[in-house]
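Have a look at entry.cif; it's mmCIF, N, CA and C atoms:
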```cif
data_final
#
loop_
_atom_site.group_PDB
_atom_site.id
_atom_site.type_symbol
_atom_site.label_atom_id
_atom_site.label_comp_id
_atom_site.auth_asym_id
_atom_site.auth_seq_id
_atom_site.Cartn_x
_atom_site.Cartn_y
_atom_site.Cartn_z
ATOM 1 N N MET A 641 -4.680 -1.274 -11.560
ATOM 2 C CA MET A 641 -3.677 -2.286 -11.301
ATOM 3 C C MET A 641 -2.831 -1.837 -10.108
ATOM 4 N N PRO A 642 -2.689 -2.666 -9.075
ATOM 5 C CA PRO A 642 -1.866 -2.309 -7.922
ATOM 6 C C PRO A 642 -0.401 -2.109 -8.323
ATOM 7 N N THR A 643 0.264 -1.209 -7.623
ATOM 8 C CA THR A 643 1.682 -0.938 -7.847
ATOM 9 C C THR A 643 2.472 -1.370 -6.623
ATOM 10 N N ARG A 644 3.545 -2.118 -6.833
ATOM 11 C CA ARG A 644 4.409 -2.518 -5.719
ATOM 12 C C ARG A 644 5.214 -1.328 -5.239
ATOM 13 N N LEU A 645 5.305 -1.163 -3.930
ATOM 14 C CA LEU A 645 6.137 -0.121 -3.332
ATOM 15 C C LEU A 645 7.385 -0.782 -2.772
ATOM 16 N N ARG A 646 8.538 -0.273 -3.144
ATOM 17 C CA ARG A 646 9.820 -0.822 -2.696
ATOM 18 C C ARG A 646 10.703 0.290 -2.158
ATOM 19 N N GLU A 647 11.682 -0.089 -1.342
ATOM 20 C CA GLU A 647 12.678 0.850 -0.815
ATOM 21 C C GLU A 647 12.033 2.058 -0.154
ATOM 22 N N SER A 648 11.055 1.812 0.707
ATOM 23 C CA SER A 648 10.343 2.878 1.381
ATOM 24 C C SER A 648 10.961 3.150 2.751
ATOM 25 N N VAL A 649 10.780 4.365 3.260
ATOM 26 C CA VAL A 649 11.249 4.698 4.597
ATOM 27 C C VAL A 649 10.398 4.021 5.667
ATOM 28 N N TRP A 650 9.219 3.540 5.300
ATOM 29 C CA TRP A 650 8.367 2.825 6.253
ATOM 30 C C TRP A 650 8.323 1.341 5.920
ATOM 31 N N ALA A 651 9.448 0.812 5.508
ATOM 32 C CA ALA A 651 9.552 -0.565 5.047
ATOM 33 C C ALA A 651 9.033 -1.573 6.073
ATOM 34 N N ALA A 652 8.292 -2.535 5.571
ATOM 35 C CA ALA A 652 7.797 -3.638 6.389
ATOM 36 C C ALA A 652 7.920 -4.907 5.572
ATOM 37 N N PRO A 653 9.147 -5.410 5.395
ATOM 38 C CA PRO A 653 9.340 -6.560 4.519
ATOM 39 C C PRO A 653 8.611 -7.804 5.013
ATOM 40 N N LEU A 654 8.148 -8.612 4.090
ATOM 41 C CA LEU A 654 7.513 -9.873 4.430
ATOM 42 C C LEU A 654 8.557 -10.850 4.935
ATOM 43 N N HIS A 655 8.123 -11.923 5.598
ATOM 44 C CA HIS A 655 9.057 -12.948 6.079
ATOM 45 C C HIS A 655 9.892 -13.457 4.904
ATOM 46 N N GLY A 656 11.148 -13.660 5.128
ATOM 47 C CA GLY A 656 12.029 -14.112 4.068
ATOM 48 C C GLY A 656 12.666 -12.966 3.297
ATOM 49 N N GLY A 657 12.266 -11.732 3.595
ATOM 50 C CA GLY A 657 12.897 -10.570 2.980
ATOM 51 C C GLY A 657 12.738 -10.479 1.483
ATOM 52 N N GLY A 658 11.539 -10.716 0.980
ATOM 53 C CA GLY A 658 11.304 -10.679 -0.455
ATOM 54 C C GLY A 658 11.441 -9.312 -1.099
ATOM 55 N N GLY A 659 11.678 -8.261 -0.309
ATOM 56 C CA GLY A 659 11.897 -6.937 -0.877
ATOM 57 C C GLY A 659 10.624 -6.176 -1.198
ATOM 58 N N LEU A 660 9.462 -6.731 -0.888
ATOM 59 C CA LEU A 660 8.205 -6.045 -1.123
ATOM 60 C C LEU A 660 7.811 -5.327 0.152
ATOM 61 N N TYR A 661 7.599 -4.028 0.065
ATOM 62 C CA TYR A 661 7.300 -3.237 1.256
ATOM 63 C C TYR A 661 5.842 -2.822 1.340
ATOM 64 N N GLY A 662 5.125 -2.829 0.256
ATOM 65 C CA GLY A 662 3.726 -2.427 0.297
ATOM 66 C C GLY A 662 3.130 -2.365 -1.094
ATOM 67 N N TRP A 663 1.903 -1.893 -1.145
ATOM 68 C CA TRP A 663 1.171 -1.770 -2.401
ATOM 69 C C TRP A 663 0.496 -0.412 -2.466
ATOM 70 N N ARG A 664 0.294 0.094 -3.663
ATOM 71 C CA ARG A 664 -0.489 1.303 -3.898
ATOM 72 C C ARG A 664 -1.685 0.911 -4.759
ATOM 73 N N PHE A 665 -2.877 1.274 -4.280
ATOM 74 C CA PHE A 665 -4.124 0.988 -4.983
ATOM 75 C C PHE A 665 -4.843 2.284 -5.306
ATOM 76 N N GLN A 666 -5.612 2.290 -6.379
ATOM 77 C CA GLN A 666 -6.490 3.408 -6.693
ATOM 78 C C GLN A 666 -7.917 2.893 -6.712
ATOM 79 N N ALA A 667 -8.827 3.675 -6.134
ATOM 80 C CA ALA A 667 -10.253 3.351 -6.154
ATOM 81 C C ALA A 667 -11.002 4.568 -6.669
ATOM 82 N N THR A 668 -12.067 4.330 -7.417
ATOM 83 C CA THR A 668 -12.899 5.412 -7.941
ATOM 84 C C THR A 668 -14.341 5.145 -7.538
ATOM 85 N N ASP A 669 -14.988 6.169 -6.952
ATOM 86 C CA ASP A 669 -16.374 5.984 -6.521
ATOM 87 C C ASP A 669 -17.343 6.246 -7.675
ATOM 88 N N GLU A 670 -18.622 6.065 -7.420
ATOM 89 C CA GLU A 670 -19.644 6.198 -8.465
ATOM 90 C C GLU A 670 -19.729 7.604 -9.039
ATOM 91 N N ASP A 671 -19.311 8.610 -8.265
ATOM 92 C CA ASP A 671 -19.335 9.997 -8.736
ATOM 93 C C ASP A 671 -18.070 10.383 -9.498
ATOM 94 N N GLY A 672 -17.139 9.455 -9.647
ATOM 95 C CA GLY A 672 -15.909 9.721 -10.380
ATOM 96 C C GLY A 672 -14.755 10.221 -9.531
ATOM 97 N N GLY A 673 -14.956 10.321 -8.215
ATOM 98 C CA GLY A 673 -13.872 10.737 -7.329
ATOM 99 C C GLY A 673 -12.858 9.611 -7.175
ATOM 100 N N SER A 674 -11.577 9.941 -7.302
ATOM 101 C CA SER A 674 -10.522 8.925 -7.197
ATOM 102 C C SER A 674 -9.743 9.085 -5.900
ATOM 103 N N PHE A 675 -9.333 7.960 -5.348
ATOM 104 C CA PHE A 675 -8.574 7.909 -4.111
ATOM 105 C C PHE A 675 -7.427 6.923 -4.293
ATOM 106 N N VAL A 676 -6.284 7.231 -3.694
ATOM 107 C CA VAL A 676 -5.118 6.353 -3.763
ATOM 108 C C VAL A 676 -4.756 5.963 -2.329
ATOM 109 N N PHE A 677 -4.463 4.674 -2.132
ATOM 110 C CA PHE A 677 -4.125 4.145 -0.818
ATOM 111 C C PHE A 677 -2.777 3.444 -0.875
ATOM 112 N N ASP A 678 -1.870 3.792 0.049
ATOM 113 C CA ASP A 678 -0.614 3.060 0.224
ATOM 114 C C ASP A 678 -0.798 2.159 1.436
ATOM 115 N N VAL A 679 -0.590 0.854 1.253
ATOM 116 C CA VAL A 679 -0.789 -0.101 2.341
ATOM 117 C C VAL A 679 0.457 -0.963 2.503
ATOM 118 N N PHE A 680 0.673 -1.453 3.733
ATOM 119 C CA PHE A 680 1.749 -2.420 3.955
ATOM 120 C C PHE A 680 1.283 -3.480 4.926
ATOM 121 N N ARG A 681 1.936 -4.613 4.895
ATOM 122 C CA ARG A 681 1.560 -5.760 5.713
ATOM 123 C C ARG A 681 2.291 -5.730 7.042
ATOM 124 N N THR A 682 1.551 -6.007 8.117
ATOM 125 C CA THR A 682 2.151 -6.179 9.440
ATOM 126 C C THR A 682 2.214 -7.675 9.704
ATOM 127 N N GLU A 683 2.516 -8.054 10.927
ATOM 128 C CA GLU A 683 2.592 -9.477 11.275
ATOM 129 C C GLU A 683 1.279 -10.206 11.036
ATOM 130 N N SER A 684 0.140 -9.522 11.267
ATOM 131 C CA SER A 684 -1.146 -10.219 11.231
ATOM 132 C C SER A 684 -2.195 -9.618 10.290
ATOM 133 N N ASP A 685 -1.943 -8.435 9.724
ATOM 134 C CA ASP A 685 -2.955 -7.819 8.870
ATOM 135 C C ASP A 685 -2.322 -6.773 7.963
ATOM 136 N N TRP A 686 -3.160 -5.951 7.340
ATOM 137 C CA TRP A 686 -2.688 -4.888 6.450
ATOM 138 C C TRP A 686 -2.990 -3.533 7.097
ATOM 139 N N HIS A 687 -2.114 -2.560 6.846
ATOM 140 C CA HIS A 687 -2.214 -1.234 7.437
ATOM 141 C C HIS A 687 -2.232 -0.183 6.321
ATOM 142 N N VAL A 688 -3.187 0.736 6.370
ATOM 143 C CA VAL A 688 -3.197 1.854 5.412
ATOM 144 C C VAL A 688 -2.230 2.898 5.934
ATOM 145 N N HIS A 689 -1.165 3.125 5.182
ATOM 146 C CA HIS A 689 -0.145 4.080 5.594
ATOM 147 C C HIS A 689 -0.533 5.494 5.192
ATOM 148 N N ARG A 690 -1.040 5.651 3.967
ATOM 149 C CA ARG A 690 -1.442 6.962 3.465
ATOM 150 C C ARG A 690 -2.632 6.810 2.551
ATOM 151 N N ALA A 691 -3.428 7.867 2.494
ATOM 152 C CA ALA A 691 -4.550 7.932 1.554
ATOM 153 C C ALA A 691 -4.518 9.301 0.898
ATOM 154 N N TYR A 692 -4.677 9.343 -0.398
ATOM 155 C CA TYR A 692 -4.635 10.578 -1.164
ATOM 156 C C TYR A 692 -5.965 10.751 -1.887
ATOM 157 N N THR A 693 -6.426 11.989 -1.988
ATOM 158 C CA THR A 693 -7.659 12.240 -2.741
ATOM 159 C C THR A 693 -7.356 12.993 -4.012
#
```
Mind converting the file's structure to structure tokens?
Amino acid sequence: MPTRLRESVWAAPLHGGGGLYGWRFQATDEDGGSFVFDVFRTESDWHVHRAYT
């Protein structure tokens, strides 16, 4: 389940200032390796800010 990221130092609020700065996702590959990605929205797309293994 994605987690909302708020009050971040790399804040990129959506138009209208809804207070949402990004999302954190977890993915697991077929071998059981897990990865976490912090992403935020720019004017035209999404940007991966950090990735954790």
task = Please indicate the distance in Å from atom N of Arg690 of chain A to atom C of Val676 of chain A, rounded to one decimal place.
result =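 Between atom N of Arg690 of chain A and atom C of Val676 of chain A the gap works out to 7.3 Å.
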request  = Could you jot down the atom C of Gly672 of chain A to atom N of Asp685 of chain A separation for me, Å, one decimal place?
outcome  =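 Between atom C of Gly672 of chain A and atom N of Asp685 of chain A the gap works out to 29.7 Å.
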ask   = Hey, can you check how far atom N of Tyr692 of chain A sits from atom C of Phe677 of chain A?
value =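 Calculated distance between atom N of Tyr692 of chain A and atom C of Phe677 of chain A is 6.2 Å.
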Applying the PyMOL selection byres ((chain A and resi 662) around 5) to the file I just gave you, which residues come out? Please list them as an mmCIF file with N, CA and C atoms, in the frame of the given file.
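And here is the file that came out, result.cif:
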```cif
data_model
loop_
_atom_site.group_PDB
_atom_site.id
_atom_site.type_symbol
_atom_site.label_atom_id
_atom_site.label_comp_id
_atom_site.auth_asym_id
_atom_site.auth_seq_id
_atom_site.Cartn_x
_atom_site.Cartn_y
_atom_site.Cartn_z
ATOM 1 N N ARG A 644 3.545 -2.118 -6.833
ATOM 2 C CA ARG A 644 4.409 -2.518 -5.719
ATOM 3 C C ARG A 644 5.214 -1.328 -5.239
ATOM 4 N N LEU A 645 5.305 -1.163 -3.930
ATOM 5 C CA LEU A 645 6.137 -0.121 -3.332
ATOM 6 C C LEU A 645 7.385 -0.782 -2.772
ATOM 7 N N LEU A 660 9.462 -6.731 -0.888
ATOM 8 C CA LEU A 660 8.205 -6.045 -1.123
ATOM 9 C C LEU A 660 7.811 -5.327 0.152
ATOM 10 N N TYR A 661 7.599 -4.028 0.065
ATOM 11 C CA TYR A 661 7.300 -3.237 1.256
ATOM 12 C C TYR A 661 5.842 -2.822 1.340
ATOM 13 N N TRP A 663 1.903 -1.893 -1.145
ATOM 14 C CA TRP A 663 1.171 -1.770 -2.401
ATOM 15 C C TRP A 663 0.496 -0.412 -2.466
ATOM 16 N N ARG A 664 0.294 0.094 -3.663
ATOM 17 C CA ARG A 664 -0.489 1.303 -3.898
ATOM 18 C C ARG A 664 -1.685 0.911 -4.759
ATOM 19 N N VAL A 679 -0.590 0.854 1.253
ATOM 20 C CA VAL A 679 -0.789 -0.101 2.341
ATOM 21 C C VAL A 679 0.457 -0.963 2.503
ATOM 22 N N PHE A 680 0.673 -1.453 3.733
ATOM 23 C CA PHE A 680 1.749 -2.420 3.955
ATOM 24 C C PHE A 680 1.283 -3.480 4.926
#
```
Nearest-residue call for Phe665 of chain A, choices A:Arg646, A:Val688, A:Asp678, A:Glu683, using all atoms listed in the file =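 Using all atoms listed in the file, Phe665 of chain A sits closest to A:Asp678.
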Let me have the centre and edge lengths in Å, one decimal, of the box along x, y and z around every listed atom of segment 668-680 of chain A with 5 Å of margin on each side, as AutoDock Vina command-line options.
```
--center_x -9.0 --center_y 3.6 --center_z -2.7 --size_x 31.5 --size_y 24.2 --size_z 25.3
```
